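K.L.:
So here's coords27.pdb, just PDB, C-alpha atoms and all ligand atoms:
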```
ATOM      1  CA  MET A   1      -7.787  27.230 -25.775  1.00  0.00           C
ATOM      2  CA  SER A   2     -11.462  27.245 -24.915  1.00  0.00           C
ATOM      3  CA  ARG A   3     -12.806  29.043 -21.902  1.00  0.00           C
ATOM      4  CA  THR A   4     -13.728  25.873 -20.005  1.00  0.00           C
ATOM      5  CA  GLN A   5     -10.186  24.517 -20.454  1.00  0.00           C
ATOM      6  CA  ALA A   6      -8.702  27.800 -19.292  1.00  0.00           C
ATOM      7  CA  MET A   7     -10.821  27.777 -16.154  1.00  0.00           C
ATOM      8  CA  LYS A   8      -9.666  24.248 -15.353  1.00  0.00           C
ATOM      9  CA  VAL A   9      -5.990  25.195 -15.560  1.00  0.00           C
ATOM     10  CA  LYS A  10      -6.564  28.011 -13.126  1.00  0.00           C
ATOM     11  CA  GLU A  11      -8.449  25.835 -10.633  1.00  0.00           C
ATOM     12  CA  ILE A  12      -5.655  23.247 -10.587  1.00  0.00           C
ATOM     13  CA  ASP A  13      -3.076  25.993 -10.165  1.00  0.00           C
ATOM     14  CA  ASP A  14      -4.923  27.420  -7.178  1.00  0.00           C
ATOM     15  CA  LYS A  15      -5.252  23.988  -5.611  1.00  0.00           C
ATOM     16  CA  TRP A  16      -1.487  23.540  -5.446  1.00  0.00           C
ATOM     17  CA  THR A  17      -0.641  25.348  -2.252  1.00  0.00           C
ATOM     18  CA  ARG A  18       3.049  24.717  -1.845  1.00  0.00           C
ATOM     19  CA  PRO A  19       4.243  22.783   1.228  1.00  0.00           C
ATOM     20  CA  SER A  20       7.445  24.000   2.899  1.00  0.00           C
ATOM     21  CA  LYS A  21      10.844  22.656   1.809  1.00  0.00           C
ATOM     22  CA  SER A  22      11.184  20.490   4.919  1.00  0.00           C
ATOM     23  CA  GLU A  23       7.689  19.081   4.418  1.00  0.00           C
ATOM     24  CA  LEU A  24       8.544  18.281   0.804  1.00  0.00           C
ATOM     25  CA  LEU A  25      11.817  16.620   1.831  1.00  0.00           C
ATOM     26  CA  LYS A  26       9.985  14.513   4.390  1.00  0.00           C
ATOM     27  CA  LYS A  27       7.454  13.455   1.748  1.00  0.00           C
ATOM     28  CA  LEU A  28      10.260  12.573  -0.682  1.00  0.00           C
ATOM     29  CA  LEU A  29      12.231  10.454   1.810  1.00  0.00           C
ATOM     30  CA  ASN A  30       9.058   8.795   3.042  1.00  0.00           C
ATOM     31  CA  ALA A  31       8.109   7.826  -0.482  1.00  0.00           C
ATOM     32  CA  LEU A  32      11.642   6.635  -1.271  1.00  0.00           C
ATOM     33  CA  PHE A  33      11.767   4.184   1.645  1.00  0.00           C
ATOM     34  CA  THR A  34       8.149   3.041   1.619  1.00  0.00           C
ATOM     35  CA  ARG A  35       6.918  -0.159   0.037  1.00  0.00           C
ATOM     36  CA  GLU A  36       3.837   0.327  -2.080  1.00  0.00           C
ATOM     37  CA  GLY A  37       1.309  -2.481  -2.434  1.00  0.00           C
ATOM     38  CA  LYS A  38       1.539  -5.918  -0.896  1.00  0.00           C
ATOM     39  CA  GLY A  39       3.543  -9.092  -1.225  1.00  0.00           C
ATOM     40  CA  ILE A  40       6.995 -10.016  -2.449  1.00  0.00           C
ATOM     41  CA  TRP A  41       6.984  -7.599  -5.434  1.00  0.00           C
ATOM     42  CA  SER A  42       6.595  -4.553  -3.210  1.00  0.00           C
ATOM     43  CA  TRP A  43       9.774  -5.634  -1.386  1.00  0.00           C
ATOM     44  CA  TRP A  44      11.581  -6.147  -4.666  1.00  0.00           C
ATOM     45  CA  PHE A  45      10.571  -2.714  -6.039  1.00  0.00           C
ATOM     46  CA  LEU A  46      11.989  -1.122  -2.878  1.00  0.00           C
ATOM     47  CA  ILE A  47      15.254  -3.121  -2.990  1.00  0.00           C
ATOM     48  CA  SER A  48      15.504  -2.545  -6.738  1.00  0.00           C
ATOM     49  CA  ARG A  49      15.789   1.233  -6.181  1.00  0.00           C
ATOM     50  CA  PHE A  50      19.144   0.630  -4.489  1.00  0.00           C
ATOM     51  CA  THR A  51      20.417  -2.269  -6.611  1.00  0.00           C
ATOM     52  CA  TRP A  52      19.011  -3.242 -10.028  1.00  0.00           C
ATOM     53  CA  GLU A  53      17.903   0.324 -10.922  1.00  0.00           C
ATOM     54  CA  LEU A  54      20.519   2.180  -8.844  1.00  0.00           C
ATOM     55  CA  PRO A  55      22.070   4.490 -11.516  1.00  0.00           C
ATOM     56  CA  GLN A  56      18.772   6.108 -12.565  1.00  0.00           C
ATOM     57  CA  HIS A  57      17.730   6.390  -8.902  1.00  0.00           C
ATOM     58  CA  ILE A  58      20.925   8.238  -8.010  1.00  0.00           C
ATOM     59  CA  LEU A  59      20.116  10.709 -10.802  1.00  0.00           C
ATOM     60  CA  GLY A  60      16.449  10.845  -9.752  1.00  0.00           C
ATOM     61  CA  ILE A  61      17.301  11.571  -6.112  1.00  0.00           C
ATOM     62  CA  GLY A  62      19.982  14.104  -7.098  1.00  0.00           C
ATOM     63  CA  PHE A  63      17.736  15.955  -9.543  1.00  0.00           C
ATOM     64  CA  SER A  64      14.748  15.962  -7.179  1.00  0.00           C
ATOM     65  CA  LEU A  65      16.817  17.249  -4.244  1.00  0.00           C
ATOM     66  CA  PHE A  66      18.352  19.936  -6.457  1.00  0.00           C
ATOM     67  CA  THR A  67      14.957  21.212  -7.649  1.00  0.00           C
ATOM     68  CA  LEU A  68      13.661  21.046  -4.072  1.00  0.00           C
ATOM     69  CA  ALA A  69      16.623  23.043  -2.750  1.00  0.00           C
ATOM     70  CA  MET A  70      16.051  25.644  -5.480  1.00  0.00           C
ATOM     71  CA  GLY A  71      12.473  26.080  -4.274  1.00  0.00           C
ATOM     72  CA  TRP A  72      10.950  24.939  -7.573  1.00  0.00           C
ATOM     73  CA  VAL A  73       9.010  21.935  -6.241  1.00  0.00           C
ATOM     74  CA  ARG A  74       5.267  22.345  -5.797  1.00  0.00           C
ATOM     75  CA  ASP A  75       4.485  18.925  -4.439  1.00  0.00           C
ATOM     76  CA  VAL A  76       5.711  15.355  -3.948  1.00  0.00           C
ATOM     77  CA  TYR A  77       3.300  12.421  -3.967  1.00  0.00           C
ATOM     78  CA  THR A  78       3.234   8.750  -4.905  1.00  0.00           C
ATOM     79  CA  TYR A  79       1.564   7.194  -7.909  1.00  0.00           C
ATOM     80  CA  GLU A  80       1.262   3.385  -8.046  1.00  0.00           C
ATOM     81  CA  GLY A  81       4.680   2.867  -6.459  1.00  0.00           C
ATOM     82  CA  SER A  82       6.363   5.748  -8.292  1.00  0.00           C
ATOM     83  CA  ILE A  83       7.277   9.143  -6.808  1.00  0.00           C
ATOM     84  CA  VAL A  84       5.930  12.212  -8.593  1.00  0.00           C
ATOM     85  CA  VAL A  85       8.006  15.374  -8.081  1.00  0.00           C
ATOM     86  CA  LEU A  86       6.001  18.251  -9.494  1.00  0.00           C
ATOM     87  CA  ARG A  87       7.837  21.508 -10.088  1.00  0.00           C
ATOM     88  CA  ASP A  88       7.602  24.919 -11.747  1.00  0.00           C
ATOM     89  CA  VAL A  89       8.945  25.531 -15.239  1.00  0.00           C
ATOM     90  CA  GLN A  90      12.075  27.690 -15.326  1.00  0.00           C
ATOM     91  CA  GLY A  91      13.321  30.072 -18.018  1.00  0.00           C
ATOM     92  CA  LYS A  92      11.322  31.837 -20.732  1.00  0.00           C
ATOM     93  CA  LYS A  93       8.460  29.348 -20.705  1.00  0.00           C
ATOM     94  CA  GLY A  94       8.193  29.660 -16.923  1.00  0.00           C
ATOM     95  CA  ALA A  95       7.992  33.429 -17.144  1.00  0.00           C
ATOM     96  CA  LEU A  96       5.286  33.122 -19.794  1.00  0.00           C
ATOM     97  CA  LEU A  97       3.278  30.781 -17.572  1.00  0.00           C
ATOM     98  CA  LYS A  98       3.621  33.159 -14.651  1.00  0.00           C
ATOM     99  CA  ARG A  99       2.380  36.073 -16.741  1.00  0.00           C
ATOM    100  CA  ASN A 100      -0.586  34.200 -18.164  1.00  0.00           C
ATOM    101  CA  LYS A 101      -2.204  31.972 -15.599  1.00  0.00           C
ATOM    102  CA  TYR A 102      -4.535  30.466 -18.209  1.00  0.00           C
ATOM    103  CA  LEU A 103      -1.726  28.909 -20.266  1.00  0.00           C
ATOM    104  CA  SER A 104      -0.868  25.275 -19.739  1.00  0.00           C
ATOM    105  CA  TYR A 105       2.429  23.489 -20.311  1.00  0.00           C
ATOM    106  CA  LEU A 106       3.860  20.198 -19.044  1.00  0.00           C
ATOM    107  CA  SER A 107       7.069  18.262 -19.547  1.00  0.00           C
ATOM    108  CA  GLY A 108       8.382  15.161 -17.828  1.00  0.00           C
ATOM    109  CA  VAL A 109      11.441  13.012 -17.288  1.00  0.00           C
ATOM    110  CA  SER A 110      11.461   9.628 -15.606  1.00  0.00           C
ATOM    111  CA  LEU A 111      14.498   8.537 -13.553  1.00  0.00           C
ATOM    112  CA  GLY A 112      13.821   5.173 -11.908  1.00  0.00           C
ATOM    113  CA  SER A 113      10.730   5.548  -9.751  1.00  0.00           C
ATOM    114  CA  PHE A 114      11.073   9.362  -9.842  1.00  0.00           C
ATOM    115  CA  LEU A 115       8.637  10.951 -12.280  1.00  0.00           C
ATOM    116  CA  CYS A 116       9.940  14.543 -12.469  1.00  0.00           C
ATOM    117  CA  ILE A 117       7.159  16.608 -14.015  1.00  0.00           C
ATOM    118  CA  ALA A 118       7.326  20.342 -14.669  1.00  0.00           C
ATOM    119  CA  GLY A 119       4.542  22.742 -15.468  1.00  0.00           C
ATOM    120  CA  ARG A 120       0.883  23.391 -15.015  1.00  0.00           C
ATOM    121  CA  ALA A 121      -2.158  21.990 -16.780  1.00  0.00           C
ATOM    122  CA  SER A 122      -5.589  20.500 -16.281  1.00  0.00           C
ATOM    123  CA  GLU A 123      -5.855  17.501 -13.979  1.00  0.00           C
ATOM    124  CA  GLN A 124      -6.544  15.282 -16.976  1.00  0.00           C
ATOM    125  CA  ARG A 125      -3.400  16.363 -18.833  1.00  0.00           C
ATOM    126  CA  LEU A 126      -1.328  15.919 -15.691  1.00  0.00           C
ATOM    127  CA  GLN A 127      -2.741  12.416 -15.317  1.00  0.00           C
ATOM    128  CA  ALA A 128      -1.890  11.613 -18.957  1.00  0.00           C
ATOM    129  CA  ILE A 129       1.736  12.723 -18.659  1.00  0.00           C
ATOM    130  CA  THR A 130       2.126  10.971 -15.283  1.00  0.00           C
ATOM    131  CA  GLN A 131       0.909   7.753 -16.864  1.00  0.00           C
ATOM    132  CA  HIS A 132       3.311   8.158 -19.796  1.00  0.00           C
ATOM    133  CA  GLU A 133       6.266   8.751 -17.456  1.00  0.00           C
ATOM    134  CA  TYR A 134       5.080   5.747 -15.463  1.00  0.00           C
ATOM    135  CA  GLY A 135       5.621   3.719 -18.637  1.00  0.00           C
ATOM    136  CA  HIS A 136       9.301   4.763 -18.512  1.00  0.00           C
ATOM    137  CA  TYR A 137       9.421   3.607 -14.883  1.00  0.00           C
ATOM    138  CA  LEU A 138       8.145   0.207 -16.054  1.00  0.00           C
ATOM    139  CA  GLN A 139      10.956   0.216 -18.658  1.00  0.00           C
ATOM    140  CA  SER A 140      13.447   1.001 -15.883  1.00  0.00           C
ATOM    141  CA  GLN A 141      12.197  -1.999 -13.882  1.00  0.00           C
ATOM    142  CA  ARG A 142      12.886  -4.204 -16.890  1.00  0.00           C
ATOM    143  CA  ALA A 143      16.147  -2.711 -18.161  1.00  0.00           C
ATOM    144  CA  GLY A 144      17.904  -2.155 -14.807  1.00  0.00           C
ATOM    145  CA  TRP A 145      21.390  -0.697 -15.213  1.00  0.00           C
ATOM    146  CA  LEU A 146      20.910  -0.590 -18.999  1.00  0.00           C
ATOM    147  CA  TYR A 147      18.021   1.907 -18.738  1.00  0.00           C
ATOM    148  CA  LEU A 148      20.098   5.082 -19.041  1.00  0.00           C
ATOM    149  CA  LEU A 149      22.013   3.728 -22.013  1.00  0.00           C
ATOM    150  CA  VAL A 150      19.143   2.103 -23.909  1.00  0.00           C
ATOM    151  CA  ILE A 151      16.232   4.457 -23.052  1.00  0.00           C
ATOM    152  CA  GLY A 152      17.596   7.561 -21.283  1.00  0.00           C
ATOM    153  CA  LEU A 153      20.281   8.653 -23.720  1.00  0.00           C
ATOM    154  CA  PRO A 154      18.298   8.076 -26.954  1.00  0.00           C
ATOM    155  CA  SER A 155      15.315   9.848 -25.297  1.00  0.00           C
ATOM    156  CA  ILE A 156      17.334  12.986 -24.605  1.00  0.00           C
ATOM    157  CA  ILE A 157      18.561  13.021 -28.202  1.00  0.00           C
ATOM    158  CA  SER A 158      15.133  12.400 -29.755  1.00  0.00           C
ATOM    159  CA  ALA A 159      13.428  14.912 -27.441  1.00  0.00           C
ATOM    160  CA  SER A 160      15.835  17.577 -28.670  1.00  0.00           C
ATOM    161  CA  GLN A 161      14.562  16.930 -32.213  1.00  0.00           C
ATOM    162  CA  GLY A 162      11.015  18.085 -31.421  1.00  0.00           C
ATOM    163  CA  SER A 163       8.047  16.390 -29.791  1.00  0.00           C
ATOM    164  CA  ARG A 164       6.513  15.035 -33.011  1.00  0.00           C
ATOM    165  CA  PHE A 165       9.720  13.161 -33.869  1.00  0.00           C
ATOM    166  CA  HIS A 166      10.252  12.110 -30.234  1.00  0.00           C
ATOM    167  CA  ARG A 167       6.808  10.531 -29.872  1.00  0.00           C
ATOM    168  CA  LYS A 168       7.335   8.226 -32.850  1.00  0.00           C
ATOM    169  CA  MET A 169      10.426   6.574 -31.358  1.00  0.00           C
ATOM    170  CA  TRP A 170      10.054   2.952 -30.212  1.00  0.00           C
ATOM    171  CA  TRP A 171      10.982   3.725 -26.579  1.00  0.00           C
ATOM    172  CA  GLU A 172       8.201   6.312 -26.414  1.00  0.00           C
ATOM    173  CA  ARG A 173       5.570   4.082 -28.001  1.00  0.00           C
ATOM    174  CA  ASN A 174       6.755   1.209 -25.802  1.00  0.00           C
ATOM    175  CA  ALA A 175       6.345   3.373 -22.658  1.00  0.00           C
ATOM    176  CA  ASN A 176       2.734   4.095 -23.656  1.00  0.00           C
ATOM    177  CA  GLU A 177       2.036   0.428 -24.385  1.00  0.00           C
ATOM    178  CA  LEU A 178       3.529  -0.776 -21.082  1.00  0.00           C
ATOM    179  CA  SER A 179       1.645   1.849 -19.112  1.00  0.00           C
ATOM    180  CA  ALA A 180      -1.667   1.189 -20.880  1.00  0.00           C
ATOM    181  CA  SER A 181      -1.366  -2.529 -20.226  1.00  0.00           C
ATOM    182  CA  PHE A 182      -0.353  -1.960 -16.555  1.00  0.00           C
ATOM    183  CA  HIS A 183      -3.403   0.238 -15.982  1.00  0.00           C
ATOM    184  CA  LYS A 184      -5.684  -2.207 -17.746  1.00  0.00           C
ATOM    185  CA  THR A 185      -4.375  -5.209 -15.795  1.00  0.00           C
ATOM    186  CA  ASN A 186      -4.835  -3.343 -12.506  1.00  0.00           C
ATOM    187  CA  ASP A 187      -8.262  -2.030 -13.460  1.00  0.00           C
ATOM    188  CA  LEU A 188      -7.148   1.605 -13.333  1.00  0.00           C
ATOM    189  CA  ALA A 189      -8.373   4.447 -15.526  1.00  0.00           C
ATOM    190  CA  TYR A 190      -5.922   5.284 -18.329  1.00  0.00           C
ATOM    191  CA  ILE A 191      -5.793   8.558 -20.248  1.00  0.00           C
ATOM    192  CA  PRO A 192      -3.728   8.307 -23.454  1.00  0.00           C
ATOM    193  CA  MET A 193      -1.358  11.195 -24.298  1.00  0.00           C
ATOM    194  CA  ALA A 194      -3.161  13.631 -26.600  1.00  0.00           C
TER
HETATM  195 ZN    ZN B   1       8.592   9.654 -22.876  1.00  0.00          ZN
END
```
Show me the file's structure as structure tokens.
Ligand SMILES: [Zn+2]
P.N.:
Amino acid sequence: MSRTQAMKVKEIDDKWTRPSKSELLKKLLNALFTREGKGIWSWWFLISRFTWELPQHILGIGFSLFTLAMGWVRDVYTYEGSIVVLRDVQGKKGALLKRNKYLSYLSGVSLGSFLCIAGRASEQRLQAITQHEYGHYLQSQRAGWLYLLVIGLPSIISASQGSRFHRKMWWERNANELSASFHKTNDLAYIPMA
């Protein structure tokens, strides 16, 4: 890692002053029940969380509340109608990150509109992974109750086979394509996954 990159990681890390648990919970519930954008689609995306995409949202809410209760969550914020729950990394990798504040590491899982992202990195890298996970949210909007079976389960299996293998899978490439086209259509900046 170059020195400029290392400095960036540190700056981002310092910026994340952690809100209290009750503040985080308020942010999470607010985001969950708020319509983003305008028009009929914003209503549908809200209703869809409790109907068409219910199974993944139950998991998303459960997982987010669990990590929040454990005190791992750094921040909760919305991104284009999705809810980003940013948390610390646990286990050996987490300890390594704590010891060396210049290291960066990110991982993500998307459960309905919940983009659960763990780790610490430059703002650009965080944006890239958020946008990739957002692609899985777009898949969830399309697949509904089938999402966990068609995307979720194969994803867990392929991710366990290493990131190089995982990235080649159709559901991963499809997430990138959907997200890239969403950002292009809405005139938003898009950073491809490196
Ligand atoms: Zn993915």
K.L.:
Which residues fall under the PyMOL selection byres (((chain A and resi 108) around 8) and not hetatm) in this file, as a list in words?
P.N.:
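Those residues are Leu106, Ser107, Val109, Ser110, Leu115, Cys116, Ile117, Ala118, Ile129, Thr130 and Glu133 of chain A.
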K.L.:
Please provide as a PDB file with C-alpha atoms, in the coordinates of the input all residues within 12 Å of Phe114 of chain A, with the sequence filter that same-chain residues fewer than 6 positions apart are discarded (counting only C-alpha atoms).
P.N.:
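Now in out03.pdb:
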```
ATOM      1  CA  LEU A  28      10.260  12.573  -0.682  1.00  0.00           C
ATOM      2  CA  LEU A  29      12.231  10.454   1.810  1.00  0.00           C
ATOM      3  CA  ALA A  31       8.109   7.826  -0.482  1.00  0.00           C
ATOM      4  CA  LEU A  32      11.642   6.635  -1.271  1.00  0.00           C
ATOM      5  CA  ARG A  49      15.789   1.233  -6.181  1.00  0.00           C
ATOM      6  CA  GLU A  53      17.903   0.324 -10.922  1.00  0.00           C
ATOM      7  CA  LEU A  54      20.519   2.180  -8.844  1.00  0.00           C
ATOM      8  CA  GLN A  56      18.772   6.108 -12.565  1.00  0.00           C
ATOM      9  CA  HIS A  57      17.730   6.390  -8.902  1.00  0.00           C
ATOM     10  CA  ILE A  58      20.925   8.238  -8.010  1.00  0.00           C
ATOM     11  CA  LEU A  59      20.116  10.709 -10.802  1.00  0.00           C
ATOM     12  CA  GLY A  60      16.449  10.845  -9.752  1.00  0.00           C
ATOM     13  CA  ILE A  61      17.301  11.571  -6.112  1.00  0.00           C
ATOM     14  CA  GLY A  62      19.982  14.104  -7.098  1.00  0.00           C
ATOM     15  CA  PHE A  63      17.736  15.955  -9.543  1.00  0.00           C
ATOM     16  CA  SER A  64      14.748  15.962  -7.179  1.00  0.00           C
ATOM     17  CA  LEU A  65      16.817  17.249  -4.244  1.00  0.00           C
ATOM     18  CA  VAL A  76       5.711  15.355  -3.948  1.00  0.00           C
ATOM     19  CA  TYR A  77       3.300  12.421  -3.967  1.00  0.00           C
ATOM     20  CA  THR A  78       3.234   8.750  -4.905  1.00  0.00           C
ATOM     21  CA  TYR A  79       1.564   7.194  -7.909  1.00  0.00           C
ATOM     22  CA  GLU A  80       1.262   3.385  -8.046  1.00  0.00           C
ATOM     23  CA  GLY A  81       4.680   2.867  -6.459  1.00  0.00           C
ATOM     24  CA  SER A  82       6.363   5.748  -8.292  1.00  0.00           C
ATOM     25  CA  ILE A  83       7.277   9.143  -6.808  1.00  0.00           C
ATOM     26  CA  VAL A  84       5.930  12.212  -8.593  1.00  0.00           C
ATOM     27  CA  VAL A  85       8.006  15.374  -8.081  1.00  0.00           C
ATOM     28  CA  LEU A  86       6.001  18.251  -9.494  1.00  0.00           C
ATOM     29  CA  GLY A 108       8.382  15.161 -17.828  1.00  0.00           C
ATOM     30  CA  THR A 130       2.126  10.971 -15.283  1.00  0.00           C
ATOM     31  CA  GLU A 133       6.266   8.751 -17.456  1.00  0.00           C
ATOM     32  CA  TYR A 134       5.080   5.747 -15.463  1.00  0.00           C
ATOM     33  CA  GLY A 135       5.621   3.719 -18.637  1.00  0.00           C
ATOM     34  CA  HIS A 136       9.301   4.763 -18.512  1.00  0.00           C
ATOM     35  CA  TYR A 137       9.421   3.607 -14.883  1.00  0.00           C
ATOM     36  CA  LEU A 138       8.145   0.207 -16.054  1.00  0.00           C
ATOM     37  CA  SER A 140      13.447   1.001 -15.883  1.00  0.00           C
TER      38      SER A 140
END
```
K.L.:
Which residue gives the smallest distance to ligand ZN 1 (chain B) among A:Val89, A:Ala95, A:Ala189, A:Ile157, with only C-alpha atoms and all ligand atoms counted?
P.N.:
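The closest residue to ligand ZN 1 (chain B) is A:Ile157.
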K.L.:
Quick one: which residues end up in the PyMOL selection byres (((chain A and resi 174-176) around 12) and not hetatm) for this structure, as a PyMOL selection string?
P.N.:
chain A and resi 110+128-142+151+155+167-173+177-183+190-194
